[in-house]
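Source file: protein35.cif; contents: mmCIF, C-alpha atoms.
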data_start
loop_
_atom_site.label_atom_id
_atom_site.label_comp_id
_atom_site.auth_asym_id
_atom_site.auth_seq_id
_atom_site.Cartn_x
_atom_site.Cartn_y
_atom_site.Cartn_z
CA MET W 23 12.26 65.00 130.25
CA ARG W 24 10.79 62.77 127.53
CA PHE W 25 8.05 65.33 126.86
CA PHE W 26 10.59 68.11 126.30
CA ALA W 27 12.73 65.86 124.11
CA LEU W 28 9.71 65.06 121.93
CA LEU W 29 8.83 68.77 121.80
CA LEU W 30 12.32 69.60 120.55
CA ILE W 31 12.11 66.88 117.89
CA TRP W 32 8.72 68.19 116.76
CA ALA W 33 9.96 71.80 116.65
CA ALA W 34 13.05 70.82 114.64
CA GLY W 35 10.90 68.90 112.17
CA ALA W 36 8.41 71.75 111.79
CA LEU W 37 11.27 74.16 111.05
CA ALA W 38 12.94 71.79 108.58
CA GLN W 39 9.80 71.46 106.44
CA ALA W 40 8.63 75.08 106.58
CA PRO W 41 8.36 76.92 103.25
CA GLY W 42 11.77 78.13 102.15
CA THR W 43 13.88 75.65 104.09
CA ARG W 44 14.72 73.12 101.37
CA VAL W 45 14.73 72.86 97.59
CA LEU W 46 13.40 69.63 96.10
CA LEU W 47 13.63 68.03 92.70
CA ASP W 48 10.02 67.77 91.47
CA ALA W 49 9.98 64.79 89.08
CA HIS W 50 7.62 66.02 86.36
CA ASN W 51 5.31 63.55 84.56
CA CYS W 52 6.78 60.68 86.57
CA TYR W 53 4.78 57.85 84.97
CA PRO W 54 4.68 55.78 81.75
CA GLU W 55 3.00 57.16 78.64
CA GLY W 56 1.67 54.95 75.88
CA GLY W 57 3.58 51.98 77.27
CA GLN W 58 6.87 53.87 77.02
CA TRP W 59 9.19 55.44 79.60
CA THR W 60 8.24 52.93 82.26
CA GLN W 61 11.38 53.67 84.31
CA ARG W 62 10.59 57.28 85.16
CA ILE W 63 9.68 56.59 88.77
CA GLU W 64 12.76 54.41 89.19
CA ARG W 65 14.88 57.21 87.77
CA ALA W 66 13.35 59.71 90.17
CA LEU W 67 13.70 57.53 93.26
CA SER W 68 17.29 56.66 92.36
CA THR W 69 18.23 60.32 92.88
CA GLY W 70 17.46 59.91 96.58
CA THR W 71 15.12 61.55 99.03
CA PRO W 72 13.71 63.99 99.87
CA LEU W 73 12.10 64.65 96.51
CA ALA W 74 8.74 65.48 94.96
CA VAL W 75 6.97 63.21 92.46
CA GLU W 76 4.21 64.31 90.10
CA GLN W 77 1.47 61.84 89.17
CA ASP W 78 -1.20 62.83 86.63
CA LEU W 79 -4.59 61.25 87.24
CA PHE W 80 -7.27 60.56 84.61
CA TRP W 81 -10.73 59.05 85.07
CA TYR W 82 -11.04 56.22 82.55
CA ARG W 83 -14.49 54.88 81.71
CA ASP W 84 -14.68 51.49 80.02
CA PRO W 85 -16.61 52.01 76.76
CA LYS W 86 -18.19 48.55 77.01
CA THR W 87 -19.20 48.37 80.67
CA GLY W 88 -19.32 52.05 81.62
CA ALA W 89 -17.28 51.28 84.74
CA GLY W 90 -14.87 54.02 85.75
CA LYS W 91 -11.48 53.97 87.44
CA SER W 92 -8.60 56.32 88.16
CA ILE W 93 -5.44 55.73 86.14
CA VAL W 94 -2.03 57.38 86.18
CA SER W 95 -2.01 59.16 82.82
CA HIS W 96 -1.97 62.57 81.18
CA GLY W 97 -5.08 61.41 79.34
CA ASP W 98 -3.68 61.07 75.83
CA HIS W 99 -4.60 57.90 73.90
CA VAL W 100 -5.63 55.97 77.01
CA THR W 101 -6.50 52.28 76.82
CA GLY W 102 -7.47 51.40 80.37
CA ASN W 103 -4.29 49.37 80.83
CA GLU W 104 -2.46 52.25 82.47
CA PRO W 105 -1.40 51.69 86.10
CA SER W 106 -3.33 52.84 89.13
CA LEU W 107 -1.89 55.23 91.71
CA ARG W 108 -1.81 52.33 94.15
CA GLU W 109 0.38 50.08 92.02
CA HIS W 110 2.50 52.72 90.33
CA PHE W 111 3.24 54.93 93.32
CA PHE W 112 2.14 53.71 96.73
CA GLU W 113 3.24 50.09 96.50
CA ARG W 114 6.43 51.10 94.70
CA VAL W 115 7.48 53.39 97.58
CA ARG W 116 6.35 51.00 100.33
CA PRO W 117 9.89 49.81 101.24
CA ILE W 118 11.14 53.41 101.39
CA VAL W 119 8.24 54.58 103.56
CA GLU W 120 8.33 51.61 105.90
CA LYS W 121 12.06 52.13 106.41
CA ALA W 122 11.44 55.79 107.21
CA LEU W 123 8.71 54.91 109.70
CA ALA W 124 10.95 52.35 111.39
CA SER W 125 13.84 54.79 111.72
CA ASP W 126 11.47 57.55 112.96
CA ARG W 127 13.82 60.33 111.81
CA ARG W 128 11.10 62.93 111.66
CA ASP W 129 13.43 65.80 110.87
CA ASP W 130 13.65 64.34 107.34
CA TRP W 131 9.88 64.06 106.82
CA PRO W 132 8.26 64.28 104.40
CA ILE W 133 10.77 62.33 102.37
CA ILE W 134 8.40 62.30 99.37
CA VAL W 135 5.99 65.04 98.29
CA LEU W 136 3.32 63.49 96.06
CA ASN W 137 1.91 66.05 93.64
CA LEU W 138 -1.45 64.90 92.24
CA ASP W 139 -2.30 66.61 88.96
CA PHE W 140 -5.93 65.71 88.25
CA LYS W 141 -6.60 65.82 84.52
CA THR W 142 -10.29 65.15 85.15
CA ASN W 143 -12.34 66.15 88.18
CA GLU W 144 -15.34 63.83 88.36
CA PRO W 145 -16.80 63.45 91.87
CA GLU W 146 -16.30 59.68 91.66
CA HIS W 147 -12.67 60.25 90.72
CA HIS W 148 -12.08 62.40 93.80
CA ALA W 149 -13.91 59.88 95.96
CA GLU W 150 -11.77 56.98 94.72
CA ILE W 151 -8.55 58.85 95.43
CA TRP W 152 -9.77 60.04 98.85
CA ASN W 153 -10.55 56.46 99.82
CA LEU W 154 -7.18 55.27 98.51
CA LEU W 155 -5.39 57.90 100.57
CA GLY W 156 -7.34 56.66 103.57
CA GLU W 157 -5.80 53.21 103.16
CA TYR W 158 -2.34 54.78 103.41
CA GLU W 159 -3.16 57.49 105.96
CA GLY W 160 -0.54 56.16 108.36
CA TRP W 161 2.07 57.23 105.79
CA LEU W 162 0.60 60.68 105.14
CA THR W 163 1.16 64.12 106.60
CA THR W 164 -2.21 65.35 107.86
CA ALA W 165 -3.82 68.27 109.65
CA GLU W 166 -6.99 68.55 111.71
CA ARG W 167 -10.06 69.79 109.85
CA VAL W 168 -11.41 72.74 111.83
CA GLU W 169 -14.40 75.05 111.44
CA ASP W 170 -12.23 78.10 110.71
CA GLU W 171 -10.51 77.04 107.50
CA GLY W 172 -8.64 80.33 107.31
CA THR W 173 -6.38 79.32 110.18
CA PRO W 174 -3.74 76.74 109.17
CA GLN W 175 -3.43 74.01 111.77
CA PRO W 176 -0.18 72.24 112.72
CA LEU W 177 0.80 69.49 110.33
CA GLN W 178 1.36 66.02 111.74
CA TRP W 179 4.41 65.05 109.71
CA LYS W 180 4.72 61.63 108.14
CA PRO W 181 6.96 60.34 105.31
CA ILE W 182 4.61 61.49 102.50
CA LEU W 183 2.99 64.88 101.94
CA VAL W 184 0.21 64.92 99.32
CA LEU W 185 -0.50 68.07 97.31
CA THR W 186 -3.13 68.76 94.68
CA GLY W 187 -4.33 71.68 92.56
CA SER W 188 -6.36 74.82 93.11
CA SER W 189 -9.67 73.36 91.85
CA ASP W 190 -12.69 74.23 93.98
CA ALA W 191 -14.13 70.80 93.19
CA GLN W 192 -11.04 69.24 94.74
CA LYS W 193 -11.42 71.45 97.82
CA ALA W 194 -15.04 70.34 98.15
CA ALA W 195 -13.99 66.69 98.06
CA PHE W 196 -10.79 66.84 100.09
CA HIS W 197 -11.68 69.54 102.63
CA ASP W 198 -15.34 70.50 102.78
CA LYS W 199 -16.61 66.92 103.02
CA VAL W 200 -14.20 66.07 105.82
CA PRO W 201 -16.02 66.40 109.16
CA VAL W 202 -14.71 68.91 111.68
CA GLY W 203 -12.25 67.02 113.86
CA GLY W 204 -11.29 64.68 111.00
CA ARG W 205 -7.91 64.68 109.26
CA LEU W 206 -7.05 66.38 105.98
CA ARG W 207 -5.02 63.95 103.85
CA VAL W 208 -4.24 66.21 100.90
CA PHE W 209 -3.54 69.93 100.54
CA GLY W 210 -4.47 72.24 97.69
CA ALA W 211 -2.86 75.19 95.92
CA VAL W 212 -3.98 78.80 96.17
CA HIS W 213 -5.79 80.34 93.22
CA VAL W 214 -3.74 82.49 90.86
CA ALA W 215 -5.10 85.58 89.13
CA GLU W 216 -6.18 84.79 85.57
CA GLY W 217 -3.85 86.19 82.95
CA ALA W 218 -0.94 86.76 85.33
CA THR W 219 2.33 87.46 83.49
CA TRP W 220 5.95 88.31 84.25
CA LYS W 221 4.81 91.90 84.81
CA THR W 222 2.10 91.13 87.39
CA PRO W 223 3.15 92.17 90.92
CA PRO W 224 3.44 89.16 93.25
CA GLU W 225 0.74 90.50 95.58
CA ALA W 226 -1.66 90.79 92.64
CA MET W 227 -1.00 87.25 91.40
CA MET W 228 -2.16 85.39 94.47
CA LYS W 229 -5.90 85.65 95.04
CA GLU W 230 -5.86 84.29 98.60
CA ARG W 231 -3.70 83.63 101.61
CA ALA W 232 -2.68 80.26 102.98
CA THR W 233 -5.52 78.36 104.63
CA ASN W 234 -5.73 75.09 106.49
CA TYR W 235 -6.26 73.38 103.13
CA ARG W 236 -4.46 75.65 100.64
CA ARG W 237 -0.74 75.56 101.44
CA TRP W 238 1.22 76.00 98.20
CA TRP W 239 1.52 78.12 95.04
CA ASN W 240 2.02 76.60 91.57
CA ASN W 241 3.42 78.70 88.71
CA PRO W 242 4.44 78.38 85.04
CA TRP W 243 7.86 79.79 84.22
CA SER W 244 6.24 82.45 82.02
CA VAL W 245 5.51 84.52 85.14
CA VAL W 246 9.29 84.85 85.58
CA GLU W 247 10.48 85.31 81.97
CA GLU W 248 8.44 86.86 79.18
CA GLY W 249 7.26 84.12 76.84
CA GLY W 250 8.44 81.30 79.09
CA GLN W 251 10.96 78.64 78.15
CA LYS W 252 10.66 78.81 74.37
CA ALA W 253 11.30 82.57 74.24
CA ALA W 254 14.00 82.72 76.91
CA GLY W 255 17.14 84.63 76.07
CA GLU W 256 19.96 85.65 78.37
CA TRP W 257 19.21 85.24 82.07
CA THR W 258 19.13 88.80 83.41
CA ARG W 259 19.44 90.51 86.76
CA ASP W 260 15.84 91.75 86.43
CA GLU W 261 14.58 88.20 85.92
CA GLU W 262 16.55 86.98 88.91
CA GLN W 263 15.01 89.72 91.04
CA ARG W 264 11.56 88.81 89.71
CA LEU W 265 12.08 85.18 90.69
CA ARG W 266 13.28 86.16 94.15
CA ALA W 267 10.29 88.48 94.65
CA LEU W 268 7.82 85.70 93.84
CA VAL W 269 9.55 83.25 96.17
CA LYS W 270 9.77 85.81 98.97
CA HIS W 271 6.07 86.62 98.65
CA ALA W 272 5.15 82.94 98.83
CA HIS W 273 7.27 82.28 101.91
CA GLN W 274 6.08 85.41 103.69
CA ASN W 275 2.57 84.02 103.24
CA ARG W 276 3.57 80.57 104.58
CA LEU W 277 3.25 78.88 101.20
CA TRP W 278 5.53 76.45 99.40
CA ILE W 279 6.16 77.55 95.82
CA ARG W 280 6.65 75.45 92.67
CA PHE W 281 7.71 76.37 89.13
CA TYR W 282 7.20 74.13 86.10
CA THR W 283 8.81 72.75 83.98
CA LEU W 284 12.50 73.59 83.51
CA ASN W 285 14.21 71.47 80.83
CA GLY W 286 17.21 72.03 78.54
CA HIS W 287 17.87 69.34 75.94
CA SER W 288 18.23 68.65 72.24
CA PRO W 289 15.09 67.92 70.18
CA LEU W 290 16.36 64.38 69.61
CA THR W 291 16.75 63.75 73.35
CA GLY W 292 13.33 65.22 74.00
CA LYS W 293 11.68 62.91 71.50
CA LYS W 294 13.57 59.87 72.78
CA MET W 295 12.65 60.59 76.40
CA GLY W 296 9.08 61.76 75.82
CA PHE W 297 9.66 65.34 77.01
CA ARG W 298 7.12 67.94 75.91
CA PRO W 299 8.82 70.58 73.72
CA GLY W 300 7.07 73.58 75.28
CA TYR W 301 9.14 73.26 78.45
CA ASN W 302 12.53 73.31 76.75
CA PHE W 303 15.06 76.17 77.11
CA GLY W 304 17.06 74.51 74.34
CA SER W 305 20.36 73.82 76.07
CA LEU W 306 21.71 72.36 79.28
CA ASP W 307 23.65 75.55 80.01
CA LYS W 308 20.52 77.70 79.83
CA VAL W 309 18.45 75.47 82.07
CA MET W 310 21.27 75.01 84.59
CA GLU W 311 21.48 78.78 84.95
CA ARG W 312 17.76 78.83 85.84
CA TRP W 313 18.08 75.80 88.14
CA ARG W 314 20.87 77.51 90.07
CA ALA W 315 18.83 80.71 90.31
CA ALA W 316 15.83 78.74 91.60
CA ILE W 317 17.98 77.00 94.20
CA GLU W 318 19.55 80.25 95.36
CA ALA W 319 16.12 81.91 95.55
CA GLY W 320 14.78 79.04 97.67
CA VAL W 321 12.13 77.63 95.31
CA ASP W 322 10.60 74.70 97.21
CA PHE W 323 9.74 72.51 94.19
CA VAL W 324 11.64 72.78 90.90
CA ALA W 325 9.80 70.70 88.30
CA THR W 326 11.87 69.13 85.54
CA ASP W 327 11.97 66.01 83.40
CA MET W 328 15.76 65.93 83.69
CA TYR W 329 15.81 64.27 87.10
CA GLU W 330 19.41 63.10 87.22
CA GLU W 331 20.95 66.33 85.95
CA PHE W 332 19.08 68.50 88.44
CA ALA W 333 19.83 66.11 91.30
CA ARG W 334 23.57 66.52 90.76
CA LEU W 335 23.45 70.22 91.63
CA PRO W 336 24.22 71.30 95.21
CA ARG W 337 20.92 72.21 96.85
CA THR W 338 22.19 74.99 99.11
CA GLN W 339 21.12 78.61 98.98
CA GLU W 340 23.60 81.46 98.95
#
Could you show the structure in this file as structure tokens?
Amino acid sequence: MRFFALLLIWAAGALAQAPGTRVLLDAHNCYPEGGQWTQRIERALSTGTPLAVEQDLFWYRDPKTGAGKSIVSHGDHVTGNEPSLREHFFERVRPIVEKALASDRRDDWPIIVLNLDFKTNEPEHHAEIWNLLGEYEGWLTTAERVEDEGTPQPLQWKPILVLTGSSDAQKAAFHDKVPVGGRLRVFGAVHVAEGATWKTPPEAMMKERATNYRRWWNNPWSVVEEGGQKAAGEWTRDEEQRLRALVKHAHQNRLWIRFYTLNGHSPLTGKKMGFRPGYNFGSLDKVMERWRAAIEAGVDFVATDMYEEFARLPRTQE
């Protein structure tokens, strides 16, 4: 009886986390910049779980000693005093993860999706992060590394799922170097056709299917609306159908899908909060219309800097 009970729990969890089953806030640029905006991760976590958290990673080399280290930073005006991924993310979420492990409510896992945006791709950078993930492997969703990488293996769900980009150098470090029979700790994105626009058919945008390593699809909003956020006008039926077509194609191919970055604020607010202007629709009404469309379409990860505002929206699909 216990075996069948565990099987039912596993099946329920696998269904709950499958692409298209939940829409998460993806907390964009969730780290300090230039010593400012130090509360971003607190803001994101205060919205509750499950959620996704983006952490940009930059390889900093000390100009005096030549020693290198990974820091959480976009890479602008770095000093070397920026936090590490260990201190800024992993140790900050320790109480949340340990509580989740103790409760063992696997139908909620992963409660945090960690999106690693590598700004530099040095081999030593990848190696440092791989080793760091190994220290926290008991917290991480993993899959067995097999010879046939084209066949996705079952995920062993844990409270954190780690995603990274489409870089082949990242695949070499995080998949190819893992021995067959070992565990994959991080999962990459599929490649997207160069120059894809809002006119490119979904099947022509994605250059590959899901693999054991590549399990998600990352997109700028410009593939939905011509010109992206800055040129957006009225939200139209054609644009809604375009969004739905992209999401449907991702989910049919067993991929999570993410769109970045959907903001709607005044220039003054953007400057005060450190939001990049290129992601701004210009008003809360305009971005909320897109947020609701993304939720209704079943977008898995909706990236925004406006964590609290997005979190207030009902996350159910019509």
| message | Can you translate the PyMOL selection byres ((chain W and resi 279-285) around 8) into the concrete residues it hits in this file, as a ChimeraX atom specification? | response | /W:41,50,238-243,251,269,272-273,277-278,286-287,301-304,306,309,312-313,321-328
| query | Using the chain letters and numbers from the file, which residues does the PyMOL selection byres ((chain W and resi 98-109) around 12) grab, as a ChimeraX atom specification? | reply | /W:52-58,60,63,75-86,88-97,110-116,136-141,147,150-158
Filtering to C-alpha atoms, could you give me those residues as a tab-separated table (two decimals), in the frame of the given file?
chain	number	residue	atom	x	y	z
W	52	CYS	CA	6.78	60.68	86.57
W	53	TYR	CA	4.78	57.85	84.97
W	54	PRO	CA	4.68	55.78	81.75
W	55	GLU	CA	3.00	57.16	78.64
W	56	GLY	CA	1.67	54.95	75.88
W	57	GLY	CA	3.58	51.98	77.27
W	58	GLN	CA	6.87	53.87	77.02
W	60	THR	CA	8.24	52.93	82.26
W	63	ILE	CA	9.68	56.59	88.77
W	75	VAL	CA	6.97	63.21	92.46
W	76	GLU	CA	4.21	64.31	90.10
W	77	GLN	CA	1.47	61.84	89.17
W	78	ASP	CA	-1.20	62.83	86.63
W	79	LEU	CA	-4.59	61.25	87.24
W	80	PHE	CA	-7.27	60.56	84.61
W	81	TRP	CA	-10.73	59.05	85.07
W	82	TYR	CA	-11.04	56.22	82.55
W	83	ARG	CA	-14.49	54.88	81.71
W	84	ASP	CA	-14.68	51.49	80.02
W	85	PRO	CA	-16.61	52.01	76.76
W	86	LYS	CA	-18.19	48.55	77.01
W	88	GLY	CA	-19.32	52.05	81.62
W	89	ALA	CA	-17.28	51.28	84.74
W	90	GLY	CA	-14.87	54.02	85.75
W	91	LYS	CA	-11.48	53.97	87.44
W	92	SER	CA	-8.60	56.32	88.16
W	93	ILE	CA	-5.44	55.73	86.14
W	94	VAL	CA	-2.03	57.38	86.18
W	95	SER	CA	-2.01	59.16	82.82
W	96	HIS	CA	-1.97	62.57	81.18
W	97	GLY	CA	-5.08	61.41	79.34
W	110	HIS	CA	2.50	52.72	90.33
W	111	PHE	CA	3.24	54.93	93.32
W	112	PHE	CA	2.14	53.71	96.73
W	113	GLU	CA	3.24	50.09	96.50
W	114	ARG	CA	6.43	51.10	94.70
W	115	VAL	CA	7.48	53.39	97.58
W	116	ARG	CA	6.35	51.00	100.33
W	136	LEU	CA	3.32	63.49	96.06
W	137	ASN	CA	1.91	66.05	93.64
W	138	LEU	CA	-1.45	64.90	92.24
W	139	ASP	CA	-2.30	66.61	88.96
W	140	PHE	CA	-5.93	65.71	88.25
W	141	LYS	CA	-6.60	65.82	84.52
W	147	HIS	CA	-12.67	60.25	90.72
W	150	GLU	CA	-11.77	56.98	94.72
W	151	ILE	CA	-8.55	58.85	95.43
W	152	TRP	CA	-9.77	60.04	98.85
W	153	ASN	CA	-10.55	56.46	99.82
W	154	LEU	CA	-7.18	55.27	98.51
W	155	LEU	CA	-5.39	57.90	100.57
W	156	GLY	CA	-7.34	56.66	103.57
W	157	GLU	CA	-5.80	53.21	103.16
W	158	TYR	CA	-2.34	54.78	103.41
| field | Pick from W:Val245, W:Ala194, W:Phe332, W:Lys229 nearest to Ala49 in chain W, counting only C-alpha atoms | value |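 Looking at the shortest contact to Ala49 in chain W, the residue is W:Phe332.
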| If the PyMOL selection byres ((chain W and resi 235) around 9) is run on the structure shown, which residues does it catch, given as number ranges by chain? | W: 165, 167, 171-172, 174, 193, 196-197, 206, 208-211, 232-234, 236-237
| Quick one: of W:Asp307, W:Asp130, W:Asp170, W:Asp190, who's nearest to Gly203 in chain W, counting all atoms listed in the file? |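 Looking only at the distances to Gly203 in chain W, the closest residue turns out to be W:Asp170.
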| remark: Using all atoms listed in the file, the residue out of W:Ala124, W:Val119, W:Val45, W:Ala149 with shortest distance to Leu162 in chain W is W:Val119
| query | Which distance in Å separates CA of Gly42 in chain W and CA of Leu183 in chain W, to one decimal? | reply | 15.9 Å
| request: Using only C-alpha atoms, find all polymer residues with an atom at most 9 Å away from the point (19.7, 76.4, 98.2); report them as a PyMOL selection string. | output: chain W and resi 43-45+314+316-321+336-340
| Atomic distance CA of Val135 in chain W - CA of Gln39 in chain W, expressed in Å with one decimal |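 Answer for the CA of Val135 in chain W to CA of Gln39 in chain W separation: 11.1 Å.
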| field | Separation of CA of Gln61 in chain W from CA of Arg207 in chain W, in Å and rounded to one decimal | value |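 Result for CA of Gln61 in chain W versus CA of Arg207 in chain W: 27.5 Å, one decimal.
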| request: List every protein, DNA or RNA residue that has an atom no more than 8 Å from (-2.6, 67.8, 113.5) in the file's coordinate frame, counting only C-alpha atoms, and report them as a list in words. | output: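 Final list of nearby residues, as requested, is Thr164, Ala165, Glu166, Gln175, Pro176, Leu177, Gln178 and Arg205 of chain W.
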Taking 4 positions as the minimum chain separation for residues in the same chain, which residues sit within 8 Å of Ser244 in chain W when counting only C-alpha atoms? Answer as a compact mmCIF listing (two decimals) with C-alpha atoms, in the frame of the given file.
# COMPACT_ATOMS: atom_id res chain seq x y z
CA THR W 219 2.33 87.46 83.49
CA TRP W 220 5.95 88.31 84.25
CA GLU W 248 8.44 86.86 79.18
CA GLY W 249 7.26 84.12 76.84
CA GLY W 250 8.44 81.30 79.09
CA GLN W 251 10.96 78.64 78.15
Got a minute to add N, CA, C and O atoms to range 179-197 of chain W and dump it as a PDB file, in the frame of the given file?
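To be explicit, this is the file written out as out07.pdb:
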ATOM      1  N   TRP W 179       3.522  65.476 110.770  1.00  0.00           N
ATOM      2  CA  TRP W 179       4.410  65.050 109.710  1.00  0.00           C
ATOM      3  C   TRP W 179       4.537  63.540 109.646  1.00  0.00           C
ATOM      4  O   TRP W 179       4.684  62.871 110.659  1.00  0.00           O
ATOM      5  N   LYS W 180       4.468  63.034 108.436  1.00  0.00           N
ATOM      6  CA  LYS W 180       4.720  61.630 108.140  1.00  0.00           C
ATOM      7  C   LYS W 180       5.602  61.573 106.885  1.00  0.00           C
ATOM      8  O   LYS W 180       5.902  62.607 106.293  1.00  0.00           O
ATOM      9  N   PRO W 181       6.016  60.397 106.424  1.00  0.00           N
ATOM     10  CA  PRO W 181       6.960  60.340 105.310  1.00  0.00           C
ATOM     11  C   PRO W 181       6.467  60.903 103.978  1.00  0.00           C
ATOM     12  O   PRO W 181       7.277  61.270 103.133  1.00  0.00           O
ATOM     13  N   ILE W 182       5.142  60.977 103.766  1.00  0.00           N
ATOM     14  CA  ILE W 182       4.610  61.490 102.500  1.00  0.00           C
ATOM     15  C   ILE W 182       3.716  62.692 102.769  1.00  0.00           C
ATOM     16  O   ILE W 182       2.900  62.675 103.691  1.00  0.00           O
ATOM     17  N   LEU W 183       3.892  63.730 101.964  1.00  0.00           N
ATOM     18  CA  LEU W 183       2.990  64.880 101.940  1.00  0.00           C
ATOM     19  C   LEU W 183       2.301  64.879 100.587  1.00  0.00           C
ATOM     20  O   LEU W 183       2.969  64.811  99.550  1.00  0.00           O
ATOM     21  N   VAL W 184       0.966  64.950 100.573  1.00  0.00           N
ATOM     22  CA  VAL W 184       0.210  64.920  99.320  1.00  0.00           C
ATOM     23  C   VAL W 184      -0.325  66.316  99.006  1.00  0.00           C
ATOM     24  O   VAL W 184      -1.001  66.931  99.834  1.00  0.00           O
ATOM     25  N   LEU W 185      -0.007  66.790  97.797  1.00  0.00           N
ATOM     26  CA  LEU W 185      -0.500  68.070  97.310  1.00  0.00           C
ATOM     27  C   LEU W 185      -1.382  67.855  96.097  1.00  0.00           C
ATOM     28  O   LEU W 185      -1.225  66.868  95.375  1.00  0.00           O
ATOM     29  N   THR W 186      -2.301  68.785  95.877  1.00  0.00           N
ATOM     30  CA  THR W 186      -3.130  68.760  94.680  1.00  0.00           C
ATOM     31  C   THR W 186      -3.329  70.176  94.192  1.00  0.00           C
ATOM     32  O   THR W 186      -2.694  71.112  94.699  1.00  0.00           O
ATOM     33  N   GLY W 187      -4.211  70.388  93.215  1.00  0.00           N
ATOM     34  CA  GLY W 187      -4.330  71.680  92.560  1.00  0.00           C
ATOM     35  C   GLY W 187      -5.217  72.675  93.268  1.00  0.00           C
ATOM     36  O   GLY W 187      -5.621  72.503  94.417  1.00  0.00           O
ATOM     37  N   SER W 188      -5.569  73.730  92.532  1.00  0.00           N
ATOM     38  CA  SER W 188      -6.360  74.820  93.110  1.00  0.00           C
ATOM     39  C   SER W 188      -7.857  74.649  92.893  1.00  0.00           C
ATOM     40  O   SER W 188      -8.646  75.477  93.368  1.00  0.00           O
ATOM     41  N   SER W 189      -8.267  73.585  92.202  1.00  0.00           N
ATOM     42  CA  SER W 189      -9.670  73.360  91.850  1.00  0.00           C
ATOM     43  C   SER W 189     -10.594  73.430  93.060  1.00  0.00           C
ATOM     44  O   SER W 189     -10.349  72.804  94.091  1.00  0.00           O
ATOM     45  N   ASP W 190     -11.698  74.176  92.906  1.00  0.00           N
ATOM     46  CA  ASP W 190     -12.690  74.230  93.980  1.00  0.00           C
ATOM     47  C   ASP W 190     -13.399  72.899  94.155  1.00  0.00           C
ATOM     48  O   ASP W 190     -13.835  72.560  95.261  1.00  0.00           O
ATOM     49  N   ALA W 191     -13.523  72.131  93.070  1.00  0.00           N
ATOM     50  CA  ALA W 191     -14.130  70.800  93.190  1.00  0.00           C
ATOM     51  C   ALA W 191     -13.248  69.895  94.035  1.00  0.00           C
ATOM     52  O   ALA W 191     -13.759  69.068  94.809  1.00  0.00           O
ATOM     53  N   GLN W 192     -11.947  70.023  93.910  1.00  0.00           N
ATOM     54  CA  GLN W 192     -11.040  69.240  94.740  1.00  0.00           C
ATOM     55  C   GLN W 192     -11.146  69.673  96.206  1.00  0.00           C
ATOM     56  O   GLN W 192     -11.146  68.845  97.111  1.00  0.00           O
ATOM     57  N   LYS W 193     -11.250  70.973  96.435  1.00  0.00           N
ATOM     58  CA  LYS W 193     -11.420  71.450  97.820  1.00  0.00           C
ATOM     59  C   LYS W 193     -12.702  70.903  98.426  1.00  0.00           C
ATOM     60  O   LYS W 193     -12.725  70.487  99.595  1.00  0.00           O
ATOM     61  N   ALA W 194     -13.775  70.875  97.640  1.00  0.00           N
ATOM     62  CA  ALA W 194     -15.040  70.340  98.150  1.00  0.00           C
ATOM     63  C   ALA W 194     -14.889  68.891  98.571  1.00  0.00           C
ATOM     64  O   ALA W 194     -15.422  68.465  99.598  1.00  0.00           O
ATOM     65  N   ALA W 195     -14.145  68.119  97.778  1.00  0.00           N
ATOM     66  CA  ALA W 195     -13.990  66.690  98.060  1.00  0.00           C
ATOM     67  C   ALA W 195     -12.998  66.419  99.176  1.00  0.00           C
ATOM     68  O   ALA W 195     -13.219  65.527 100.008  1.00  0.00           O
ATOM     69  N   PHE W 196     -11.902  67.170  99.197  1.00  0.00           N
ATOM     70  CA  PHE W 196     -10.790  66.840 100.090  1.00  0.00           C
ATOM     71  C   PHE W 196     -10.746  67.693 101.359  1.00  0.00           C
ATOM     72  O   PHE W 196      -9.960  67.422 102.266  1.00  0.00           O
ATOM     73  N   HIS W 197     -11.600  68.724 101.415  1.00  0.00           N
ATOM     74  CA  HIS W 197     -11.680  69.540 102.630  1.00  0.00           C
ATOM     75  C   HIS W 197     -13.101  69.655 103.139  1.00  0.00           C
ATOM     76  O   HIS W 197     -13.415  69.253 104.257  1.00  0.00           O
TER      77      HIS W 197
END
